[in-house]
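Next up, model_17.cif (mmCIF, C-alpha atoms and all ligand atoms):
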data_input
loop_
_atom_site.label_atom_id
_atom_site.label_comp_id
_atom_site.auth_asym_id
_atom_site.auth_seq_id
_atom_site.Cartn_x
_atom_site.Cartn_y
_atom_site.Cartn_z
CA MET A 13 24.20 -18.15 -15.80
CA THR A 14 23.66 -15.25 -18.23
CA ASP A 15 26.58 -13.68 -20.05
CA LEU A 16 25.91 -10.16 -21.34
CA VAL A 17 28.25 -8.09 -23.51
CA ILE A 18 27.50 -4.38 -23.86
CA LEU A 19 29.17 -2.24 -26.52
CA GLY A 20 29.54 1.52 -26.20
CA GLU A 21 31.22 4.47 -24.58
CA SER A 22 31.66 5.35 -20.94
CA MET A 23 32.92 8.86 -20.24
CA LEU A 24 34.63 10.91 -17.58
CA GLU A 25 31.97 13.13 -15.97
CA LEU A 26 32.81 16.33 -14.12
CA SER A 27 29.78 17.62 -12.28
CA GLN A 28 29.77 21.11 -10.77
CA VAL A 29 29.52 21.19 -6.98
CA GLU A 30 30.04 24.95 -6.70
CA PRO A 31 31.59 27.50 -9.08
CA GLY A 32 35.10 26.21 -9.87
CA LEU A 33 34.69 22.89 -8.03
CA TYR A 34 33.72 19.69 -9.89
CA ARG A 35 33.10 16.12 -8.74
CA GLN A 36 34.54 13.37 -10.92
CA SER A 37 32.68 10.21 -11.89
CA PHE A 38 32.27 7.93 -14.88
CA ALA A 39 29.07 7.61 -16.86
CA GLY A 40 27.42 6.89 -20.15
CA ASP A 41 24.26 5.15 -21.30
CA VAL A 42 25.87 1.70 -21.60
CA HIS A 43 27.79 2.19 -18.34
CA SER A 44 24.43 2.64 -16.57
CA VAL A 45 22.89 -0.38 -18.30
CA ALA A 46 25.87 -2.50 -17.18
CA VAL A 47 25.78 -1.24 -13.58
CA TYR A 48 22.04 -1.79 -13.06
CA PHE A 49 22.14 -5.19 -14.77
CA LYS A 50 24.97 -6.36 -12.54
CA ARG A 51 23.45 -4.94 -9.35
CA LEU A 52 20.17 -6.78 -9.98
CA ALA A 53 21.17 -9.97 -11.78
CA ASP A 54 22.16 -13.21 -10.05
CA ALA A 55 25.68 -13.13 -8.63
CA GLU A 56 27.01 -15.62 -11.19
CA ASP A 57 25.70 -13.60 -14.16
CA ARG A 58 28.40 -11.76 -16.03
CA VAL A 59 28.44 -8.41 -17.79
CA ARG A 60 31.38 -7.33 -19.95
CA LEU A 61 31.74 -3.81 -21.31
CA LEU A 62 33.17 -3.77 -24.84
CA THR A 63 34.74 -0.33 -25.02
CA ALA A 64 38.03 1.55 -25.33
CA VAL A 65 39.89 3.88 -22.98
CA GLY A 66 43.29 5.58 -23.00
CA ASN A 67 46.53 4.83 -21.19
CA ASP A 68 46.17 7.65 -18.66
CA SER A 69 45.24 7.65 -14.99
CA ALA A 70 41.63 8.73 -15.63
CA SER A 71 41.26 5.58 -17.76
CA ASP A 72 42.76 3.48 -14.95
CA GLN A 73 40.23 5.01 -12.57
CA MET A 74 37.38 4.23 -14.95
CA ILE A 75 38.45 0.59 -15.06
CA ALA A 76 38.63 0.57 -11.26
CA ALA A 77 35.10 2.04 -11.11
CA LEU A 78 33.82 -0.73 -13.41
CA LEU A 79 35.54 -3.40 -11.30
CA GLU A 80 34.03 -1.85 -8.19
CA GLU A 81 30.62 -2.69 -9.71
CA ASP A 82 31.76 -6.23 -10.62
CA ILE A 83 31.70 -5.41 -14.32
CA ASP A 84 34.15 -7.54 -16.31
CA THR A 85 36.77 -5.36 -18.03
CA SER A 86 38.40 -8.01 -20.22
CA LEU A 87 36.88 -6.33 -23.30
CA VAL A 88 38.06 -2.83 -22.40
CA PHE A 89 40.75 -1.95 -24.95
CA ARG A 90 43.51 0.60 -24.39
CA HIS A 91 44.01 3.04 -27.25
CA PRO A 92 47.67 4.09 -27.61
CA ASN A 93 47.03 7.81 -28.11
CA ARG A 94 43.38 8.63 -27.48
CA GLN A 95 41.70 9.37 -24.15
CA LEU A 96 38.30 9.00 -22.51
CA GLY A 97 35.48 11.19 -23.73
CA LEU A 98 34.71 13.94 -21.23
CA TYR A 99 31.63 15.94 -20.30
CA ILE A 100 31.04 18.69 -17.80
CA VAL A 101 27.71 19.27 -16.11
CA SER A 102 27.47 22.83 -14.81
CA ASN A 103 24.66 24.99 -13.48
CA ASP A 104 23.76 28.25 -15.20
CA ALA A 105 22.62 31.42 -13.41
CA CYS A 106 19.03 30.07 -13.23
CA GLY A 107 20.15 26.72 -11.77
CA GLU A 108 19.54 24.87 -15.06
CA ARG A 109 22.00 22.07 -15.84
CA ASN A 110 24.23 22.56 -18.89
CA PHE A 111 26.15 19.74 -20.56
CA SER A 112 29.38 20.35 -22.52
CA TYR A 113 30.98 17.40 -24.31
CA TRP A 114 34.51 16.58 -25.51
CA ARG A 115 34.06 13.21 -27.13
CA SER A 116 34.75 13.65 -30.85
CA ASN A 117 38.22 12.13 -30.53
CA SER A 118 37.60 9.68 -27.74
CA ALA A 119 39.17 6.22 -27.59
CA ALA A 120 35.72 4.57 -27.74
CA ARG A 121 35.25 5.78 -31.33
CA GLU A 122 37.87 3.23 -32.31
CA ILE A 123 36.46 0.17 -30.50
CA MET A 124 36.06 -1.74 -33.76
CA SER A 125 39.62 -0.99 -34.99
CA LEU A 126 41.03 -2.12 -31.64
CA LEU A 127 38.96 -5.31 -31.70
CA ARG A 128 40.15 -5.97 -35.27
CA ASP A 129 43.81 -5.48 -34.22
CA ALA A 130 43.36 -7.83 -31.25
CA THR A 131 41.72 -10.39 -33.56
CA LEU A 132 44.58 -10.16 -36.07
CA LEU A 133 47.16 -10.41 -33.30
CA ALA A 134 45.50 -13.53 -31.90
CA GLY A 135 45.44 -15.06 -35.40
CA ASP A 136 41.74 -15.86 -34.93
CA SER A 137 40.19 -17.99 -37.61
CA GLY A 138 36.91 -18.98 -35.95
CA LEU A 139 33.45 -17.58 -36.51
CA LEU A 140 33.88 -15.10 -33.67
CA PRO A 141 36.89 -13.10 -32.43
CA SER A 142 38.41 -15.28 -29.67
CA LYS A 143 37.83 -12.43 -27.21
CA LEU A 144 34.09 -13.08 -27.66
CA VAL A 145 34.29 -16.86 -27.31
CA PRO A 146 32.24 -18.42 -25.83
CA CYS A 147 29.51 -16.41 -27.53
CA PRO A 148 27.59 -14.26 -25.00
CA ASP A 149 23.92 -15.02 -24.39
CA LEU A 150 23.01 -11.37 -24.83
CA PHE A 151 24.63 -8.56 -26.80
CA PHE A 152 23.42 -5.02 -26.07
CA PHE A 153 24.10 -1.83 -28.04
CA SER A 154 22.37 1.52 -28.30
CA GLY A 155 21.91 4.29 -30.82
CA ILE A 156 24.63 6.15 -28.93
CA SER A 157 27.00 3.16 -29.24
CA LEU A 158 26.39 3.22 -33.00
CA ALA A 159 26.78 6.99 -33.28
CA VAL A 160 30.18 7.07 -31.57
CA LEU A 161 31.75 4.37 -33.77
CA THR A 162 33.74 6.12 -36.51
CA PRO A 163 31.61 5.70 -39.65
CA ASP A 164 34.34 3.77 -41.52
CA THR A 165 34.30 1.09 -38.78
CA ARG A 166 30.51 0.60 -38.78
CA PRO A 167 30.56 -2.10 -41.52
CA ALA A 168 32.89 -4.12 -39.25
CA PHE A 169 30.38 -3.63 -36.43
CA TRP A 170 27.52 -5.01 -38.56
CA ASP A 171 29.70 -7.99 -39.53
CA LEU A 172 30.40 -8.67 -35.86
CA LEU A 173 26.71 -8.36 -34.98
CA LEU A 174 25.76 -10.92 -37.63
CA GLN A 175 28.51 -13.26 -36.44
CA LEU A 176 27.20 -12.99 -32.89
CA ARG A 177 23.66 -13.57 -34.08
CA ASP A 178 24.68 -16.62 -36.07
CA ALA A 179 26.58 -17.95 -33.06
CA GLY A 180 23.39 -17.72 -30.98
CA ALA A 181 23.59 -14.39 -29.14
CA ARG A 182 20.33 -12.57 -28.51
CA ILE A 183 20.73 -9.05 -29.92
CA VAL A 184 19.28 -6.19 -27.87
CA PHE A 185 19.04 -2.59 -29.14
CA ASP A 186 17.91 0.69 -27.59
CA PRO A 187 17.58 3.32 -30.34
CA ASN A 188 18.65 6.15 -28.02
CA TYR A 189 18.98 9.13 -30.37
CA ARG A 190 21.45 12.01 -29.90
CA PRO A 191 21.19 14.20 -33.04
CA LYS A 192 24.50 15.98 -32.33
CA LEU A 193 26.42 12.72 -32.69
CA TRP A 194 25.14 12.08 -36.23
CA ALA A 195 26.04 13.67 -39.57
CA SER A 196 22.36 13.65 -40.60
CA ARG A 197 19.01 12.14 -39.72
CA LYS A 198 19.17 10.17 -42.98
CA ASP A 199 22.42 8.61 -41.80
CA THR A 200 20.82 7.60 -38.49
CA ARG A 201 17.80 6.10 -40.22
CA THR A 202 20.05 4.03 -42.51
CA GLU A 203 22.02 2.59 -39.58
CA TYR A 204 18.94 2.10 -37.39
CA ALA A 205 17.21 0.13 -40.17
CA LEU A 206 20.03 -2.44 -39.91
CA ALA A 207 19.86 -2.38 -36.11
CA PHE A 208 16.10 -3.06 -36.16
CA GLU A 209 16.57 -5.80 -38.74
CA TYR A 210 19.25 -7.64 -36.77
CA SER A 211 17.82 -7.28 -33.24
CA HIS A 212 15.71 -9.80 -31.36
CA LEU A 213 14.69 -7.35 -28.63
CA VAL A 214 14.29 -3.58 -29.11
CA LEU A 215 13.71 -1.21 -26.18
CA PRO A 216 12.83 2.17 -27.73
CA GLY A 217 11.60 5.34 -26.05
CA ILE A 218 8.74 7.11 -27.82
CA GLU A 219 10.68 10.41 -27.76
CA ASP A 220 13.51 8.95 -29.85
CA LEU A 221 11.13 7.39 -32.36
CA GLU A 222 9.22 10.66 -32.58
CA ALA A 223 12.37 12.66 -33.34
CA LEU A 224 13.41 10.24 -36.07
CA TYR A 225 10.19 8.95 -37.57
CA GLY A 226 7.41 11.25 -36.34
CA VAL A 227 5.89 8.39 -34.30
CA GLN A 228 3.80 9.79 -31.45
CA ASP A 229 2.44 6.91 -29.42
CA PHE A 230 2.65 3.18 -28.74
CA CYS A 231 0.33 2.38 -31.61
CA GLY A 232 2.39 4.43 -34.07
CA ALA A 233 5.60 2.86 -32.76
CA CYS A 234 4.27 -0.69 -33.27
CA GLU A 235 2.99 0.18 -36.75
CA PHE A 236 6.34 1.68 -37.74
CA LEU A 237 8.38 -1.24 -36.35
CA GLU A 238 6.05 -3.83 -37.95
CA GLN A 239 8.21 -3.73 -41.12
CA PHE A 240 11.10 -5.33 -39.20
CA ASP A 241 11.07 -8.85 -37.92
CA ILE A 242 11.60 -7.95 -34.24
CA GLU A 243 10.73 -10.74 -31.82
CA GLU A 244 10.12 -8.58 -28.75
CA LEU A 245 9.41 -4.89 -28.34
CA VAL A 246 9.45 -3.06 -25.01
CA ILE A 247 8.40 0.53 -25.70
CA LYS A 248 8.98 3.16 -23.00
CA ASP A 249 7.18 6.47 -22.65
CA GLY A 250 8.16 8.06 -19.35
CA PRO A 251 5.28 7.95 -16.88
CA ASN A 252 2.78 6.97 -19.62
CA GLY A 253 3.39 3.24 -19.29
CA VAL A 254 5.38 0.58 -21.10
CA TYR A 255 3.99 -1.29 -24.09
CA TYR A 256 5.12 -4.88 -24.64
CA ARG A 257 4.70 -6.83 -27.85
CA GLY A 258 6.11 -10.36 -27.99
CA PRO A 259 5.46 -13.69 -29.65
CA GLU A 260 2.90 -14.73 -27.05
CA GLU A 261 1.29 -11.57 -25.74
CA SER A 262 0.93 -7.82 -26.09
CA PHE A 263 -0.03 -5.48 -23.28
CA LEU A 264 0.29 -1.98 -21.86
CA GLU A 265 1.79 -1.95 -18.38
CA PRO A 266 0.79 1.20 -16.51
CA ILE A 267 3.41 3.18 -14.54
CA THR A 268 2.84 4.94 -11.24
CA PRO A 269 4.17 8.45 -11.90
CA VAL A 270 6.82 9.70 -9.51
CA GLU A 271 5.64 12.86 -7.77
CA GLN A 272 9.05 14.36 -7.04
CA VAL A 273 11.29 13.75 -10.05
CA VAL A 274 14.82 14.89 -9.16
CA ASP A 275 16.80 13.95 -12.28
CA THR A 276 15.66 11.79 -15.19
CA THR A 277 19.25 10.89 -16.23
CA ALA A 278 19.46 7.12 -16.85
CA ALA A 279 15.69 6.52 -16.52
CA GLY A 280 15.72 4.45 -19.70
CA ASP A 281 19.18 2.92 -19.10
CA SER A 282 18.35 1.72 -15.58
CA PHE A 283 15.10 0.32 -16.99
CA ASN A 284 17.00 -1.58 -19.72
CA GLY A 285 19.62 -3.01 -17.34
CA SER A 286 17.09 -4.11 -14.76
CA TYR A 287 14.64 -5.49 -17.36
CA LEU A 288 17.41 -7.70 -18.78
CA ALA A 289 18.45 -8.79 -15.27
CA PHE A 290 14.90 -9.72 -14.25
CA ARG A 291 14.23 -11.57 -17.51
CA SER A 292 17.47 -13.51 -17.13
CA GLN A 293 16.24 -14.58 -13.69
CA GLY A 294 13.13 -16.04 -15.33
CA ALA A 295 10.62 -13.23 -14.75
CA SER A 296 7.81 -12.95 -17.29
CA PRO A 297 7.83 -9.84 -19.53
CA ARG A 298 5.03 -8.27 -17.47
CA GLU A 299 6.75 -8.97 -14.16
CA ALA A 300 10.14 -7.77 -15.48
CA ILE A 301 8.60 -4.54 -16.80
CA ALA A 302 6.80 -3.82 -13.52
CA ARG A 303 9.97 -4.45 -11.51
CA ALA A 304 12.21 -2.49 -13.90
CA ALA A 305 9.79 0.44 -13.68
CA THR A 306 10.18 0.51 -9.89
CA ILE A 307 13.97 0.63 -10.32
CA SER A 308 13.77 3.53 -12.82
CA ALA A 309 11.37 5.30 -10.48
CA LEU A 310 14.02 5.03 -7.73
CA VAL A 311 16.77 6.26 -10.03
CA ILE A 312 14.89 9.41 -11.09
CA GLN A 313 14.37 10.38 -7.45
CA HIS A 314 18.17 10.72 -7.11
CA LYS A 315 20.71 13.02 -8.67
CA GLY A 316 22.90 11.54 -11.39
CA ALA A 317 22.79 8.30 -13.37
CA LEU A 318 24.09 5.97 -10.68
CA VAL A 319 22.47 5.83 -7.27
CA ASP A 320 25.19 5.28 -4.67
CA LYS A 321 25.74 1.53 -4.36
CA SER A 322 24.98 1.19 -0.64
CA ILE A 323 21.95 3.52 -0.79
CA PHE A 324 20.65 1.50 -3.76
CA LYS A 325 21.12 -1.78 -1.91
CA ASN A 326 19.19 -0.46 1.09
CA LEU A 327 16.42 0.91 -1.11
CA ILE A 328 15.80 -2.31 -2.99
CA GLU A 329 15.95 -4.37 0.18
CA SER A 330 13.42 -2.15 1.96
P1 LIG B 1 14.32 7.42 -21.71
O1 LIG B 1 15.25 7.76 -20.58
O2 LIG B 1 14.87 6.36 -22.62
O3 LIG B 1 13.75 8.60 -22.43
P2 LIG B 1 11.72 7.16 -20.45
O4 LIG B 1 11.67 8.61 -20.18
O5 LIG B 1 10.65 6.60 -21.27
O6 LIG B 1 13.10 6.65 -21.07
O7 LIG B 1 11.77 6.45 -19.05
C1 LIG B 1 12.17 5.12 -18.88
C2 LIG B 1 11.40 4.51 -17.75
O8 LIG B 1 11.61 5.28 -16.56
C3 LIG B 1 9.91 4.51 -17.98
O9 LIG B 1 9.50 3.39 -18.72
C4 LIG B 1 9.40 4.48 -16.55
O10 LIG B 1 9.44 3.16 -16.06
C5 LIG B 1 10.42 5.32 -15.80
N1 LIG B 1 9.96 6.72 -15.69
C6 LIG B 1 10.33 7.77 -16.44
N2 LIG B 1 9.71 8.91 -16.04
C7 LIG B 1 8.94 8.56 -15.00
C8 LIG B 1 8.06 9.26 -14.11
N3 LIG B 1 7.85 10.58 -14.23
N4 LIG B 1 7.44 8.56 -13.15
C9 LIG B 1 7.64 7.24 -12.99
N5 LIG B 1 8.45 6.52 -13.78
C10 LIG B 1 9.09 7.16 -14.77
#
Represent the structure contained in this file as structure tokens.
Ligand code: ADP
Amino acid sequence: MTDLVILGESMLELSQVEPGLYRQSFAGDVHSVAVYFKRLADAEDRVRLLTAVGNDSASDQMIAALLEEDIDTSLVFRHPNRQLGLYIVSNDACGERNFSYWRSNSAAREIMSLLRDATLLAGDSGLLPSKLVPCPDLFFFSGISLAVLTPDTRPAFWDLLLQLRDAGARIVFDPNYRPKLWASRKDTRTEYALAFEYSHLVLPGIEDLEALYGVQDFCGACEFLEQFDIEELVIKDGPNGVYYRGPEESFLEPITPVEQVVDTTAAGDSFNGSYLAFRSQGASPREAIARAATISALVIQHKGALVDKSIFKNLIES
């Protein structure tokens, strides 16, 4: 059995159906990683989302949506006076999608303070907060997870990460980069240097590395990341293939480009979730990459981050 804990923010999404009418759902990079991991992993594997929500009915509905996907919500904290982050997806006059965000005061920004309060309340004295005992096998976070944590709580996050590492968790990081969430690029680079240093497995996209470090291809990405002691690298570059570098082998796995891309939302997140699921089932890196790529290819042929559960089940069984 694999036990995965994922830290980050899931938001309330309102997506425009027609002018003045919006469909509600819940989404976020880590939400998608959790959903695709759970849908593809063995039934006994567990995924817990470490996040924070409010005390309102939208937060209740988010928890229900997570439970609907069999995601464990025992690490979802309730903030006494903050709410879920919100974003609206609307179409402009030319049919282009526009995203507007309200997340600067969201509950998830305070995940670390809420975990600290719970730890104090429980009188924990062990290596790990009791909420995280037994130590998970895998701990996943992304550049977005890091960006949303209020900066004064980031040192507590790094402490937690080192505790998890020492207790035997495998640390997994996707340096997803959203410039608007950061005070400066320098700030991001400082935090990412720690993330690279502490992670066993890093799943970057070339675009993010290019925006931050001017890296343009797989070779440049490997050269740049050489300075950190990262055990396994899985580097994504849209339809241009996936490059793997691990202790035993390195290879470029080609991707069959999708002809009719509908929406690339969650391409990388669905890849991450399914890659982790396939690896935890014993697939080799090459096999897990090839299978994860077929899942991402499915996802980008549908609108939105999460393909409807029953449609998804039919697609992967066919
Ligand atoms: P991110 O969403 O992190 O930017 P990528 O764009 O690199 O990630 O996409 C993640 C994965 O999704 C790729 O590794 C690939 O497997 C799949 N993918 C993305 N774009 C395409 C495409 N046009 N055709 C086929 N697969 C794609």
Please, which residues have at least one atom within 8 Å of an atom of ligand LIG 1 (chain B), using only C-alpha atoms and all ligand atoms, listed as a ChimeraX atom specification? /A:188,216-220,247-254,267-271,273,276-283,301-302,304-309,312
Non-local contacts of region 164-171 of chain A (10 Å; only C-alpha atoms; under 5 positions in same chain excluded) as a ChimeraX atom specification: /A:121-125,127-128,158-159,176-177,203,206-207,210
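Note that the spacing between CA of Gly180 (chain A) and CA of His91 (chain A) amounts to 29.5 Å.
Nearest to Val45 (chain A) of all the residues A:Gly232, A:Pro259, A:Pro148, A:Gly285 is A:Gly285, based on all atoms listed in the file.
Distances from A:Glu81, A:Ala39, A:Phe89, A:Thr63 to Val160 (chain A) were compared using only C-alpha atoms, and the smallest one belongs to A:Thr63.
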My list of candidates is A:Ala205, A:Leu139, A:Leu16, A:Leu26. Which is closest to Ala53 (chain A) when distances are computed with all atoms listed in the file? A:Leu16
Could you tell me how far CA of Ala223 (chain A) lies from CA of Gly316 (chain A), in Å and to one decimal? 24.4 Å
With only C-alpha atoms as the atoms that count, which of A:Leu288, A:Met74, A:Arg51, A:Phe230 lies nearest to Asp149 (chain A)? A:Leu288
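One distance worth recording is that between CA of Gly32 (chain A) and CA of Ser102 (chain A), which is 9.7 Å.
Take the candidates A:Arg257, A:Glu56, A:Val47, A:Tyr99 and check each one against Asp15 (chain A) using all atoms listed in the file; the shortest distance goes to A:Glu56.
Neighbouring residues of Leu96 (chain A) at 8 Å or closer, counting all atoms listed in the file and skipping chain neighbours under 2 positions away, are Ser22, Met23, Leu24, Ala64, Val65, Gly66, Ala70, Ser71, Arg94, Leu98, Arg115, Ser118, Ala119 and Ala120 of chain A.
Minimum distance to Leu173 (chain A) across A:Leu61, A:Val17, A:Gln272, A:Tyr189 (counting all atoms listed in the file) occurs at A:Val17.
Omitting Ser286 (chain A) and its sequence neighbours fewer than 6 positions away, and counting only C-alpha atoms, the residues within 7 Å are Tyr48, Phe49, Leu52 and Ala304 of chain A.
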Nearby residues (all atoms listed in the file) at most 7 Å from Thr85 (chain A), same-chain spacing under 3 positions excluded, as a PyMOL selection string: chain A and resi 60-61+75+88
